[in-house]
file target.cif (mmCIF, C-alpha atoms)
data_protein
#
loop_
_atom_site.group_PDB
_atom_site.id
_atom_site.type_symbol
_atom_site.label_atom_id
_atom_site.label_comp_id
_atom_site.auth_asym_id
_atom_site.auth_seq_id
_atom_site.Cartn_x
_atom_site.Cartn_y
_atom_site.Cartn_z
ATOM 1 C CA MET A 27 116.368 106.471 125.797
ATOM 2 C CA SER A 28 118.738 109.425 125.463
ATOM 3 C CA PHE A 29 117.611 112.877 124.375
ATOM 4 C CA LEU A 30 119.975 112.667 121.368
ATOM 5 C CA LEU A 31 118.460 109.374 120.197
ATOM 6 C CA ASN A 32 114.933 110.750 120.590
ATOM 7 C CA ASP A 33 115.899 113.751 118.492
ATOM 8 C CA LYS A 34 117.344 111.535 115.736
ATOM 9 C CA ILE A 35 114.211 109.404 115.682
ATOM 10 C CA LYS A 36 112.161 112.553 115.010
ATOM 11 C CA CYS A 37 114.539 113.491 112.181
ATOM 12 C CA TRP A 38 114.220 109.973 110.763
ATOM 13 C CA GLN A 39 110.421 110.228 110.892
ATOM 14 C CA GLU A 40 110.599 113.450 108.871
ATOM 15 C CA TRP A 41 113.010 111.753 106.438
ATOM 16 C CA ILE A 42 110.748 108.761 105.670
ATOM 17 C CA THR A 43 107.842 111.176 105.238
ATOM 18 C CA SER A 44 109.356 113.902 103.049
ATOM 19 C CA GLU A 45 112.256 112.183 101.257
ATOM 20 C CA LYS A 46 111.337 108.496 101.154
ATOM 21 C CA ARG A 47 107.660 109.416 100.713
ATOM 22 C CA LEU A 48 106.388 106.290 102.447
ATOM 23 C CA SER A 49 102.629 105.953 102.785
ATOM 24 C CA PHE A 50 101.037 107.070 106.055
ATOM 25 C CA ASN A 51 100.311 103.493 107.133
ATOM 26 C CA THR A 52 103.880 102.387 106.351
ATOM 27 C CA GLN A 53 105.275 105.310 108.333
ATOM 28 C CA LYS A 54 103.197 104.340 111.351
ATOM 29 C CA SER A 55 104.223 100.674 111.023
ATOM 30 C CA TYR A 56 107.914 101.589 110.767
ATOM 31 C CA GLN A 57 107.704 103.866 113.801
ATOM 32 C CA ARG A 58 105.843 101.235 115.810
ATOM 33 C CA ASP A 59 108.400 98.558 114.861
ATOM 34 C CA LEU A 60 111.343 100.766 115.817
ATOM 35 C CA PHE A 61 109.945 101.717 119.232
ATOM 36 C CA CYS A 62 109.035 98.084 119.873
ATOM 37 C CA PHE A 63 112.594 96.999 119.075
ATOM 38 C CA LEU A 64 114.197 99.743 121.172
ATOM 39 C CA ASP A 65 112.012 98.758 124.093
ATOM 40 C CA PHE A 66 113.125 95.133 123.673
ATOM 41 C CA LEU A 67 116.782 96.158 123.292
ATOM 42 C CA LYS A 68 116.675 98.192 126.492
ATOM 43 C CA LYS A 69 115.626 95.079 128.416
ATOM 44 C CA TYR A 70 118.010 92.868 126.412
ATOM 45 C CA ILE A 71 121.148 94.864 127.275
ATOM 46 C CA ASN A 72 119.710 96.080 130.585
ATOM 47 C CA LYS A 73 120.501 99.769 130.157
ATOM 48 C CA PRO A 74 119.167 102.912 128.431
ATOM 49 C CA ILE A 75 119.789 102.920 124.668
ATOM 50 C CA GLU A 76 122.474 105.200 123.210
ATOM 51 C CA LEU A 77 123.513 105.743 119.583
ATOM 52 C CA ASN A 78 126.670 103.687 120.038
ATOM 53 C CA ASP A 79 124.526 100.726 121.135
ATOM 54 C CA LEU A 80 122.885 100.760 117.703
ATOM 55 C CA GLU A 81 126.277 100.799 116.026
ATOM 56 C CA CYS A 82 127.258 97.669 117.972
ATOM 57 C CA LEU A 83 124.080 95.756 117.144
ATOM 58 C CA ASP A 84 124.666 92.195 115.961
ATOM 59 C CA SER A 85 122.439 89.544 114.424
ATOM 60 C CA ASP A 86 121.968 87.824 117.817
ATOM 61 C CA SER A 87 120.023 90.769 119.241
ATOM 62 C CA ILE A 88 117.777 90.922 116.173
ATOM 63 C CA THR A 89 117.270 87.152 116.194
ATOM 64 C CA SER A 90 116.351 87.215 119.881
ATOM 65 C CA TRP A 91 113.761 89.897 119.162
ATOM 66 C CA PHE A 92 112.325 87.879 116.262
ATOM 67 C CA VAL A 93 112.109 84.753 118.419
ATOM 68 C CA SER A 94 110.246 86.639 121.151
ATOM 69 C CA ARG A 95 107.841 88.046 118.554
ATOM 70 C CA ILE A 96 107.207 84.640 116.971
ATOM 71 C CA GLN A 97 106.503 83.189 120.411
ATOM 72 C CA SER A 98 103.937 85.976 120.834
ATOM 73 C CA GLY A 99 102.231 84.973 117.576
ATOM 74 C CA VAL A 100 103.847 87.479 115.192
ATOM 75 C CA ASN A 101 104.243 86.004 111.689
ATOM 76 C CA HIS A 102 107.279 86.030 109.381
ATOM 77 C CA ARG A 103 105.782 88.709 107.139
ATOM 78 C CA SER A 104 105.538 91.131 110.058
ATOM 79 C CA ASN A 105 109.087 90.295 111.106
ATOM 80 C CA ALA A 106 110.310 90.976 107.574
ATOM 81 C CA ARG A 107 108.672 94.410 107.686
ATOM 82 C CA ALA A 108 110.095 95.013 111.173
ATOM 83 C CA LEU A 109 113.599 94.295 109.894
ATOM 84 C CA SER A 110 113.016 96.797 107.074
ATOM 85 C CA SER A 111 111.946 99.355 109.690
ATOM 86 C CA ILE A 112 115.136 98.919 111.700
ATOM 87 C CA LYS A 113 117.285 98.948 108.550
ATOM 88 C CA SER A 114 115.623 102.182 107.484
ATOM 89 C CA PHE A 115 116.536 103.879 110.748
ATOM 90 C CA LEU A 116 120.098 102.534 110.713
ATOM 91 C CA SER A 117 120.523 103.632 107.078
ATOM 92 C CA PHE A 118 119.417 107.122 108.098
ATOM 93 C CA LEU A 119 121.957 107.187 110.932
ATOM 94 C CA LEU A 120 124.710 105.943 108.624
ATOM 95 C CA LYS A 121 123.768 108.416 105.890
ATOM 96 C CA ASN A 122 124.056 111.283 108.373
ATOM 97 C CA LYS A 123 127.317 109.919 109.841
ATOM 98 C CA LEU A 124 125.751 109.407 113.252
ATOM 99 C CA ILE A 125 127.098 105.858 113.283
ATOM 100 C CA ARG A 126 130.164 104.536 111.439
ATOM 101 C CA PHE A 127 128.825 101.163 110.300
ATOM 102 C CA SER A 128 126.044 98.604 110.854
ATOM 103 C CA SER A 129 126.287 94.875 110.282
ATOM 104 C CA ILE A 130 122.471 94.684 110.488
ATOM 105 C CA LEU A 131 122.156 96.299 107.053
ATOM 106 C CA ARG A 132 123.572 93.105 105.529
ATOM 107 C CA LEU A 133 120.910 90.883 107.100
ATOM 108 C CA LYS A 134 118.243 89.421 104.844
ATOM 109 C CA GLY A 135 114.639 89.100 105.897
ATOM 110 C CA PRO A 136 112.801 85.760 106.196
ATOM 111 C CA LYS A 137 111.444 84.282 102.988
ATOM 112 C CA PHE A 138 107.765 83.496 102.790
ATOM 113 C CA CYS A 139 105.193 82.537 100.214
ATOM 114 C CA PHE A 140 103.274 85.379 98.616
ATOM 115 C CA ASP A 141 99.885 84.743 100.175
ATOM 116 C CA LEU A 142 96.913 86.128 98.270
ATOM 117 C CA PRO A 143 93.199 85.966 98.982
ATOM 118 C CA ARG A 144 91.283 83.668 96.660
ATOM 119 C CA PRO A 145 89.359 85.360 93.840
ATOM 120 C CA LEU A 146 85.598 85.274 94.189
ATOM 121 C CA SER A 147 83.274 83.823 91.582
ATOM 122 C CA LYS A 148 80.560 85.992 90.045
ATOM 123 C CA LYS A 149 77.902 84.007 91.930
ATOM 124 C CA GLN A 150 79.689 84.604 95.226
ATOM 125 C CA VAL A 151 79.890 88.349 94.595
ATOM 126 C CA ILE A 152 76.190 88.442 93.713
ATOM 127 C CA LYS A 153 75.326 86.620 96.950
ATOM 128 C CA ILE A 154 77.458 89.081 98.944
ATOM 129 C CA VAL A 155 75.713 92.042 97.274
ATOM 130 C CA GLU A 156 72.315 90.468 98.003
ATOM 131 C CA LYS A 157 73.244 90.223 101.684
ATOM 132 C CA ILE A 158 74.380 93.860 101.698
ATOM 133 C CA CYS A 159 71.045 94.930 100.188
ATOM 134 C CA GLN A 160 69.144 93.340 103.073
ATOM 135 C CA GLY A 161 70.105 96.185 105.421
ATOM 136 C CA ASN A 162 67.627 98.518 107.112
ATOM 137 C CA LYS A 163 68.955 101.963 106.198
ATOM 138 C CA GLU A 164 68.790 102.896 102.518
ATOM 139 C CA TRP A 165 71.858 105.167 102.548
ATOM 140 C CA VAL A 166 73.961 102.527 104.375
ATOM 141 C CA ILE A 167 72.932 99.927 101.770
ATOM 142 C CA LEU A 168 73.919 102.315 98.976
ATOM 143 C CA ARG A 169 77.212 103.146 100.718
ATOM 144 C CA ASN A 170 78.200 99.500 101.207
ATOM 145 C CA PHE A 171 77.064 98.559 97.709
ATOM 146 C CA LEU A 172 79.231 101.280 96.149
ATOM 147 C CA ILE A 173 82.250 100.243 98.227
ATOM 148 C CA VAL A 174 81.983 96.694 96.851
ATOM 149 C CA ILE A 175 81.483 98.001 93.296
ATOM 150 C CA LEU A 176 84.591 100.203 93.487
ATOM 151 C CA MET A 177 86.726 97.331 94.814
ATOM 152 C CA TRP A 178 85.296 94.605 92.562
ATOM 153 C CA GLY A 179 84.602 96.620 89.417
ATOM 154 C CA TYR A 180 87.583 99.008 89.508
ATOM 155 C CA GLY A 181 90.196 97.220 91.604
ATOM 156 C CA LEU A 182 90.512 99.872 94.325
ATOM 157 C CA ARG A 183 91.961 99.142 97.751
ATOM 158 C CA ILE A 184 89.555 99.635 100.644
ATOM 159 C CA SER A 185 91.687 102.563 101.885
ATOM 160 C CA GLU A 186 91.540 104.183 98.431
ATOM 161 C CA VAL A 187 87.752 103.887 98.336
ATOM 162 C CA LEU A 188 87.312 105.434 101.762
ATOM 163 C CA ASN A 189 89.646 108.320 100.868
ATOM 164 C CA ILE A 190 87.400 109.518 98.004
ATOM 165 C CA GLN A 191 86.277 113.081 98.713
ATOM 166 C CA LYS A 192 83.272 115.088 97.594
ATOM 167 C CA CYS A 193 85.397 117.282 95.318
ATOM 168 C CA ASP A 194 86.530 114.162 93.419
ATOM 169 C CA LEU A 195 82.999 113.739 92.067
ATOM 170 C CA ASN A 196 83.264 116.915 89.972
ATOM 171 C CA PHE A 197 85.099 114.993 87.236
ATOM 172 C CA SER A 198 84.167 112.098 84.946
ATOM 173 C CA ASN A 199 87.196 110.096 86.142
ATOM 174 C CA LEU A 200 88.407 109.399 89.668
ATOM 175 C CA ILE A 201 91.928 110.467 90.614
ATOM 176 C CA ILE A 202 93.040 107.878 93.145
ATOM 177 C CA THR A 203 96.012 108.354 95.464
ATOM 178 C CA GLY A 204 97.432 104.955 96.374
ATOM 179 C CA LYS A 205 100.457 103.637 98.246
ATOM 180 C CA GLY A 206 103.448 105.937 98.393
ATOM 181 C CA ASN A 207 101.193 108.882 97.397
ATOM 182 C CA LYS A 208 101.181 107.615 93.794
ATOM 183 C CA SER A 209 98.214 108.936 91.803
ATOM 184 C CA ARG A 210 96.372 107.183 88.986
ATOM 185 C CA ILE A 211 93.279 107.972 86.931
ATOM 186 C CA ILE A 212 90.395 105.488 87.055
ATOM 187 C CA PRO A 213 87.657 105.921 84.433
ATOM 188 C CA ILE A 214 84.278 105.102 85.984
ATOM 189 C CA SER A 215 80.876 104.629 84.387
ATOM 190 C CA LEU A 216 78.303 107.415 84.424
ATOM 191 C CA GLU A 217 75.970 105.130 86.379
ATOM 192 C CA THR A 218 78.549 104.620 89.142
ATOM 193 C CA LEU A 219 79.347 108.334 89.236
ATOM 194 C CA ASN A 220 75.655 109.208 89.565
ATOM 195 C CA LEU A 221 75.245 106.732 92.426
ATOM 196 C CA LEU A 222 78.261 108.279 94.182
ATOM 197 C CA LYS A 223 76.689 111.713 93.773
ATOM 198 C CA LYS A 224 73.399 110.381 95.112
ATOM 199 C CA LEU A 225 75.163 108.990 98.188
ATOM 200 C CA ASN A 226 76.969 112.292 98.615
ATOM 201 C CA ASP A 227 73.686 114.217 98.418
ATOM 202 C CA ILE A 228 72.122 112.003 101.078
ATOM 203 C CA SER A 229 75.173 112.280 103.338
ATOM 204 C CA SER A 230 75.466 116.051 102.853
ATOM 205 C CA LYS A 231 71.938 116.583 104.171
ATOM 206 C CA ASN A 232 72.925 115.001 107.472
ATOM 207 C CA TYR A 233 76.650 115.715 107.708
ATOM 208 C CA THR A 234 77.667 118.957 106.022
ATOM 209 C CA SER A 235 81.060 119.341 107.691
ATOM 210 C CA ASN A 236 82.782 116.200 106.335
ATOM 211 C CA ASP A 237 84.714 116.230 103.051
ATOM 212 C CA PHE A 238 84.610 112.458 102.499
ATOM 213 C CA VAL A 239 81.950 110.590 100.512
ATOM 214 C CA PHE A 240 81.885 107.421 102.617
ATOM 215 C CA LEU A 241 80.827 108.203 106.169
ATOM 216 C CA GLY A 242 79.899 106.257 109.270
ATOM 217 C CA ILE A 243 76.584 106.584 111.077
ATOM 218 C CA ARG A 244 78.048 109.371 113.243
ATOM 219 C CA GLY A 245 79.111 111.459 110.277
ATOM 220 C CA LYS A 246 82.828 110.767 110.485
ATOM 221 C CA LYS A 247 84.997 109.229 107.763
ATOM 222 C CA LEU A 248 84.167 105.527 107.521
ATOM 223 C CA ARG A 249 86.817 103.254 109.038
ATOM 224 C CA PRO A 250 88.052 100.163 107.116
ATOM 225 C CA GLU A 251 87.236 97.947 110.107
ATOM 226 C CA VAL A 252 83.504 98.544 109.534
ATOM 227 C CA ILE A 253 83.660 97.031 106.037
ATOM 228 C CA GLN A 254 86.101 94.311 107.122
ATOM 229 C CA ARG A 255 83.661 93.263 109.839
ATOM 230 C CA LEU A 256 80.724 93.380 107.395
ATOM 231 C CA ILE A 257 82.490 91.119 104.876
ATOM 232 C CA ARG A 258 83.651 88.777 107.653
ATOM 233 C CA ASN A 259 80.076 88.358 108.906
ATOM 234 C CA ILE A 260 78.749 87.745 105.390
ATOM 235 C CA ARG A 261 81.638 85.335 104.720
ATOM 236 C CA ASN A 262 80.687 83.278 107.768
ATOM 237 C CA GLU A 263 76.999 83.363 106.887
ATOM 238 C CA LEU A 264 77.589 82.233 103.296
ATOM 239 C CA MET A 265 80.365 79.806 104.369
ATOM 240 C CA LEU A 266 82.891 81.360 101.973
ATOM 241 C CA HIS A 267 86.631 80.720 102.150
ATOM 242 C CA GLN A 268 88.165 81.962 105.417
ATOM 243 C CA LYS A 269 90.548 84.286 103.539
ATOM 244 C CA THR A 270 87.633 86.192 101.969
ATOM 245 C CA SER A 271 88.105 89.868 102.827
ATOM 246 C CA PRO A 272 87.586 93.295 101.204
ATOM 247 C CA HIS A 273 90.912 92.745 99.412
ATOM 248 C CA SER A 274 89.408 89.665 97.717
ATOM 249 C CA PHE A 275 87.329 91.970 95.498
ATOM 250 C CA ARG A 276 90.467 93.739 94.216
ATOM 251 C CA HIS A 277 92.143 90.383 93.598
ATOM 252 C CA THR A 278 89.034 89.175 91.746
ATOM 253 C CA PHE A 279 89.145 92.290 89.545
ATOM 254 C CA ALA A 280 92.808 91.675 88.651
ATOM 255 C CA THR A 281 92.305 87.960 88.043
ATOM 256 C CA SER A 282 89.288 88.596 85.804
ATOM 257 C CA LEU A 283 91.286 91.022 83.662
ATOM 258 C CA LEU A 284 94.120 88.548 83.305
ATOM 259 C CA GLU A 285 91.756 85.765 82.323
ATOM 260 C CA GLU A 286 90.344 88.066 79.650
ATOM 261 C CA MET A 287 93.907 88.385 78.270
ATOM 262 C CA VAL A 288 94.321 92.040 79.285
ATOM 263 C CA ASP A 289 98.045 92.867 79.165
ATOM 264 C CA LEU A 290 99.973 93.105 82.426
ATOM 265 C CA ARG A 291 101.014 96.728 81.881
ATOM 266 C CA SER A 292 97.373 97.851 81.740
ATOM 267 C CA ILE A 293 96.532 95.811 84.844
ATOM 268 C CA GLN A 294 99.561 97.312 86.601
ATOM 269 C CA GLU A 295 98.318 100.821 85.779
ATOM 270 C CA LEU A 296 94.769 100.107 86.955
ATOM 271 C CA LEU A 297 95.937 98.545 90.219
ATOM 272 C CA GLY A 298 98.498 101.273 90.888
ATOM 273 C CA HIS A 299 101.460 98.913 91.283
ATOM 274 C CA SER A 300 104.880 100.542 91.061
ATOM 275 C CA SER A 301 106.474 97.243 90.008
ATOM 276 C CA LEU A 302 105.306 94.867 87.287
ATOM 277 C CA SER A 303 106.604 91.951 89.366
ATOM 278 C CA THR A 304 103.986 92.794 92.003
ATOM 279 C CA THR A 305 101.271 92.557 89.368
ATOM 280 C CA GLN A 306 102.629 89.224 88.149
ATOM 281 C CA LYS A 307 102.466 87.783 91.660
ATOM 282 C CA TYR A 308 99.107 89.392 92.355
ATOM 283 C CA THR A 309 97.366 87.974 89.298
ATOM 284 C CA GLN A 310 98.293 84.325 89.527
ATOM 285 C CA ILE A 311 96.011 82.055 87.516
ATOM 286 C CA SER A 312 95.344 78.487 88.528
ATOM 287 C CA GLN A 313 97.007 75.715 86.528
ATOM 288 C CA GLU A 314 93.573 74.422 85.544
ATOM 289 C CA ARG A 315 92.706 77.783 83.993
ATOM 290 C CA LEU A 316 95.982 77.791 82.036
ATOM 291 C CA LYS A 317 95.274 74.284 80.749
ATOM 292 C CA GLU A 318 91.836 75.433 79.648
ATOM 293 C CA ILE A 319 93.316 78.415 77.746
ATOM 294 C CA ILE A 320 95.914 76.231 76.002
ATOM 295 C CA LYS A 321 93.323 73.619 75.096
ATOM 296 C CA LYS A 322 91.031 76.272 73.643
ATOM 297 C CA ASN A 323 93.684 78.194 71.688
ATOM 298 C CA HIS A 324 96.180 75.504 70.665
ATOM 299 C CA PRO A 325 96.414 75.128 66.842
ATOM 300 C CA ARG A 326 95.816 71.382 67.087
ATOM 301 C CA SER A 327 92.852 71.599 69.464
#
call {"tool": "encode", "arguments": {"input": "target.cif", "output": "structure tokens"}}
result
Amino acid sequence: MSFLLNDKIKCWQEWITSEKRLSFNTQKSYQRDLFCFLDFLKKYINKPIELNDLECLDSDSITSWFVSRIQSGVNHRSNARALSSIKSFLSFLLKNKLIRFSSILRLKGPKFCFDLPRPLSKKQVIKIVEKICQGNKEWVILRNFLIVILMWGYGLRISEVLNIQKCDLNFSNLIITGKGNKSRIIPISLETLNLLKKLNDISSKNYTSNDFVFLGIRGKKLRPEVIQRLIRNIRNELMLHQKTSPHSFRHTFATSLLEEMVDLRSIQELLGHSSLSTTQKYTQISQERLKEIIKKNHPRS
């Protein structure tokens, strides 16, 4: 890869961070996708990559990359994101007149069904909480219990829960920073706030140097994989649906609100969605539930 191309990649990384304001995880995914594609392209054309090679890209090179990824087990959703990553970089080059045109920008990504985890029933959540409470360490039980409560009772993403800091507990509401650095205010109950403070007090006695509320056993910020593994083990033990994950609690929260006839705008605000269409897809109700609502509320019922 040429020095000039490396330099432009660094400029693009700064652009998606400061101007496009993509979330940290999205930035990393985009960068990983781009480097993966450039590595493939180098082998595909059998020479070091220059800027003019990117200008001459055609759909065949992209398709070949997608085929190789699919053969390696990569799904269509990941390929769709990868195409967005490449388009982002090419758009940056075009915007800065580093290339004259790009036919790739006209390509459309693969279509796929919007796959959501199934909502959990109240009994299933209670069973999961009971399993969590069977742990050995009191502070770990409290930590895991609160994580489930914040996802199930307030609709937070696992990443948003784990990003809560000690200073956030000085207020009656939580200020949550979600995807794209978008902030929203989540009112929480006094009981939940007091439990968070209790966890913080216990953690502070052992780990004074960390600013985060949810910590691992070594005093560092808790990683999402720890909770994902915990829920996966409980899922297998209770024989729950294979798609049950930490995100299922957030989906259950949204579905419950919709079934209680809460308006979509309020749900959108609570979930931190930038688009109402995302909320509409996210809070799908089963046809049986819709039939039940119509039967109950129809004037001739």
call {"tool": "atom_distance", "arguments": {"input": "target.cif", "atom1": "CA of Tyr70 in chain A", "atom2": "CA of Ile88 in chain A"}}
result
10.4 Å
call {"tool": "resolve_selection", "arguments": {"input": "target.cif", "expression": "the PyMOL selection byres ((chain A and resi 292) around 12)", "output": "list of chain:residue names"}}
result
A:Arg210, A:Ile212, A:Ala280, A:Leu283, A:Leu284, A:Met287, A:Val288, A:Asp289, A:Leu290, A:Arg291, A:Ile293, A:Gln294, A:Glu295, A:Leu296, A:Leu297, A:Gly298, A:His299, A:Leu302, A:Thr305, A:Gln306
call {"tool": "write_last_selection", "arguments": {"input": "target.cif", "atoms": "C-alpha atoms", "output": "mmCIF file, keeping the file's coordinate frame"}}
result
data_model
loop_
_atom_site.group_PDB
_atom_site.id
_atom_site.type_symbol
_atom_site.label_atom_id
_atom_site.label_comp_id
_atom_site.auth_asym_id
_atom_site.auth_seq_id
_atom_site.Cartn_x
_atom_site.Cartn_y
_atom_site.Cartn_z
ATOM 1 C CA ARG A 210 96.372 107.183 88.986
ATOM 2 C CA ILE A 212 90.395 105.488 87.055
ATOM 3 C CA ALA A 280 92.808 91.675 88.651
ATOM 4 C CA LEU A 283 91.286 91.022 83.662
ATOM 5 C CA LEU A 284 94.120 88.548 83.305
ATOM 6 C CA MET A 287 93.907 88.385 78.270
ATOM 7 C CA VAL A 288 94.321 92.040 79.285
ATOM 8 C CA ASP A 289 98.045 92.867 79.165
ATOM 9 C CA LEU A 290 99.973 93.105 82.426
ATOM 10 C CA ARG A 291 101.014 96.728 81.881
ATOM 11 C CA ILE A 293 96.532 95.811 84.844
ATOM 12 C CA GLN A 294 99.561 97.312 86.601
ATOM 13 C CA GLU A 295 98.318 100.821 85.779
ATOM 14 C CA LEU A 296 94.769 100.107 86.955
ATOM 15 C CA LEU A 297 95.937 98.545 90.219
ATOM 16 C CA GLY A 298 98.498 101.273 90.888
ATOM 17 C CA HIS A 299 101.460 98.913 91.283
ATOM 18 C CA LEU A 302 105.306 94.867 87.287
ATOM 19 C CA THR A 305 101.271 92.557 89.368
ATOM 20 C CA GLN A 306 102.629 89.224 88.149
#
call {"tool": "residues_around", "arguments": {"input": "target.cif", "residues": "Ser185 in chain A", "least_positions_apart": "2", "cutoff": "10 Å", "atoms": "all atoms listed in the file", "output": "CSV table (one decimal) with C-alpha atoms, keeping the file's coordinate frame"}}
result
chain,number,residue,atom,x,y,z
A,182,LEU,CA,90.5,99.9,94.3
A,183,ARG,CA,92.0,99.1,97.8
A,187,VAL,CA,87.8,103.9,98.3
A,188,LEU,CA,87.3,105.4,101.8
A,189,ASN,CA,89.6,108.3,100.9
A,190,ILE,CA,87.4,109.5,98.0
A,203,THR,CA,96.0,108.4,95.5
A,204,GLY,CA,97.4,105.0,96.4
A,205,LYS,CA,100.5,103.6,98.2
A,248,LEU,CA,84.2,105.5,107.5
A,249,ARG,CA,86.8,103.3,109.0
A,250,PRO,CA,88.1,100.2,107.1
call {"tool": "atom_distance", "arguments": {"input": "target.cif", "atom1": "CA of Thr52 in chain A", "atom2": "CA of Lys69 in chain A"}}
result
26.0 Å
call {"tool": "atom_distance", "arguments": {"input": "target.cif", "atom1": "CA of Ser282 in chain A", "atom2": "CA of Phe240 in chain A"}}
result
26.3 Å
call {"tool": "residues_around", "arguments": {"input": "target.cif", "residues": "range 100-116 of chain A", "least_positions_apart": "4", "cutoff": "10 Å", "atoms": "all atoms listed in the file", "output": "VMD selection string"}}
result
chain A and resid 34 to 35 37 to 39 41 to 42 46 52 to 53 55 to 64 80 to 81 88 91 to 96 120 to 122 124 to 125 127 to 141
call {"tool": "write_last_selection", "arguments": {"input": "target.cif", "atoms": "C-alpha atoms", "output": "PDB file, keeping the file's coordinate frame"}}
result
ATOM      1  CA  LYS A  34     117.344 111.535 115.736  1.00  0.00           C
ATOM      2  CA  ILE A  35     114.211 109.404 115.682  1.00  0.00           C
ATOM      3  CA  CYS A  37     114.539 113.491 112.181  1.00  0.00           C
ATOM      4  CA  TRP A  38     114.220 109.973 110.763  1.00  0.00           C
ATOM      5  CA  GLN A  39     110.421 110.228 110.892  1.00  0.00           C
ATOM      6  CA  TRP A  41     113.010 111.753 106.438  1.00  0.00           C
ATOM      7  CA  ILE A  42     110.748 108.761 105.670  1.00  0.00           C
ATOM      8  CA  LYS A  46     111.337 108.496 101.154  1.00  0.00           C
ATOM      9  CA  THR A  52     103.880 102.387 106.351  1.00  0.00           C
ATOM     10  CA  GLN A  53     105.275 105.310 108.333  1.00  0.00           C
ATOM     11  CA  SER A  55     104.223 100.674 111.023  1.00  0.00           C
ATOM     12  CA  TYR A  56     107.914 101.589 110.767  1.00  0.00           C
ATOM     13  CA  GLN A  57     107.704 103.866 113.801  1.00  0.00           C
ATOM     14  CA  ARG A  58     105.843 101.235 115.810  1.00  0.00           C
ATOM     15  CA  ASP A  59     108.400  98.558 114.861  1.00  0.00           C
ATOM     16  CA  LEU A  60     111.343 100.766 115.817  1.00  0.00           C
ATOM     17  CA  PHE A  61     109.945 101.717 119.232  1.00  0.00           C
ATOM     18  CA  CYS A  62     109.035  98.084 119.873  1.00  0.00           C
ATOM     19  CA  PHE A  63     112.594  96.999 119.075  1.00  0.00           C
ATOM     20  CA  LEU A  64     114.197  99.743 121.172  1.00  0.00           C
ATOM     21  CA  LEU A  80     122.885 100.760 117.703  1.00  0.00           C
ATOM     22  CA  GLU A  81     126.277 100.799 116.026  1.00  0.00           C
ATOM     23  CA  ILE A  88     117.777  90.922 116.173  1.00  0.00           C
ATOM     24  CA  TRP A  91     113.761  89.897 119.162  1.00  0.00           C
ATOM     25  CA  PHE A  92     112.325  87.879 116.262  1.00  0.00           C
ATOM     26  CA  VAL A  93     112.109  84.753 118.419  1.00  0.00           C
ATOM     27  CA  SER A  94     110.246  86.639 121.151  1.00  0.00           C
ATOM     28  CA  ARG A  95     107.841  88.046 118.554  1.00  0.00           C
ATOM     29  CA  ILE A  96     107.207  84.640 116.971  1.00  0.00           C
ATOM     30  CA  LEU A 120     124.710 105.943 108.624  1.00  0.00           C
ATOM     31  CA  LYS A 121     123.768 108.416 105.890  1.00  0.00           C
ATOM     32  CA  ASN A 122     124.056 111.283 108.373  1.00  0.00           C
ATOM     33  CA  LEU A 124     125.751 109.407 113.252  1.00  0.00           C
ATOM     34  CA  ILE A 125     127.098 105.858 113.283  1.00  0.00           C
ATOM     35  CA  PHE A 127     128.825 101.163 110.300  1.00  0.00           C
ATOM     36  CA  SER A 128     126.044  98.604 110.854  1.00  0.00           C
ATOM     37  CA  SER A 129     126.287  94.875 110.282  1.00  0.00           C
ATOM     38  CA  ILE A 130     122.471  94.684 110.488  1.00  0.00           C
ATOM     39  CA  LEU A 131     122.156  96.299 107.053  1.00  0.00           C
ATOM     40  CA  ARG A 132     123.572  93.105 105.529  1.00  0.00           C
ATOM     41  CA  LEU A 133     120.910  90.883 107.100  1.00  0.00           C
ATOM     42  CA  LYS A 134     118.243  89.421 104.844  1.00  0.00           C
ATOM     43  CA  GLY A 135     114.639  89.100 105.897  1.00  0.00           C
ATOM     44  CA  PRO A 136     112.801  85.760 106.196  1.00  0.00           C
ATOM     45  CA  LYS A 137     111.444  84.282 102.988  1.00  0.00           C
ATOM     46  CA  PHE A 138     107.765  83.496 102.790  1.00  0.00           C
ATOM     47  CA  CYS A 139     105.193  82.537 100.214  1.00  0.00           C
ATOM     48  CA  PHE A 140     103.274  85.379  98.616  1.00  0.00           C
ATOM     49  CA  ASP A 141      99.885  84.743 100.175  1.00  0.00           C
TER      50      ASP A 141
END
call {"tool": "residues_around", "arguments": {"input": "target.cif", "residues": "Thr270 in chain A", "least_positions_apart": "5", "cutoff": "12 Å", "atoms": "all atoms listed in the file", "output": "mmCIF file with C-alpha atoms, in the coordinates of the input"}}
result
data_model
loop_
_atom_site.group_PDB
_atom_site.id
_atom_site.type_symbol
_atom_site.label_atom_id
_atom_site.label_comp_id
_atom_site.auth_asym_id
_atom_site.auth_seq_id
_atom_site.Cartn_x
_atom_site.Cartn_y
_atom_site.Cartn_z
ATOM 1 C CA LEU A 142 96.913 86.128 98.270
ATOM 2 C CA PRO A 143 93.199 85.966 98.982
ATOM 3 C CA ARG A 144 91.283 83.668 96.660
ATOM 4 C CA PRO A 145 89.359 85.360 93.840
ATOM 5 C CA LEU A 146 85.598 85.274 94.189
ATOM 6 C CA SER A 147 83.274 83.823 91.582
ATOM 7 C CA GLN A 150 79.689 84.604 95.226
ATOM 8 C CA VAL A 151 79.890 88.349 94.595
ATOM 9 C CA ILE A 154 77.458 89.081 98.944
ATOM 10 C CA GLN A 254 86.101 94.311 107.122
ATOM 11 C CA ARG A 255 83.661 93.263 109.839
ATOM 12 C CA LEU A 256 80.724 93.380 107.395
ATOM 13 C CA ILE A 257 82.490 91.119 104.876
ATOM 14 C CA ARG A 258 83.651 88.777 107.653
ATOM 15 C CA ASN A 259 80.076 88.358 108.906
ATOM 16 C CA ILE A 260 78.749 87.745 105.390
ATOM 17 C CA ARG A 261 81.638 85.335 104.720
ATOM 18 C CA ASN A 262 80.687 83.278 107.768
ATOM 19 C CA LEU A 264 77.589 82.233 103.296
ATOM 20 C CA MET A 265 80.365 79.806 104.369
ATOM 21 C CA PHE A 275 87.329 91.970 95.498
ATOM 22 C CA ARG A 276 90.467 93.739 94.216
ATOM 23 C CA HIS A 277 92.143 90.383 93.598
ATOM 24 C CA THR A 278 89.034 89.175 91.746
#
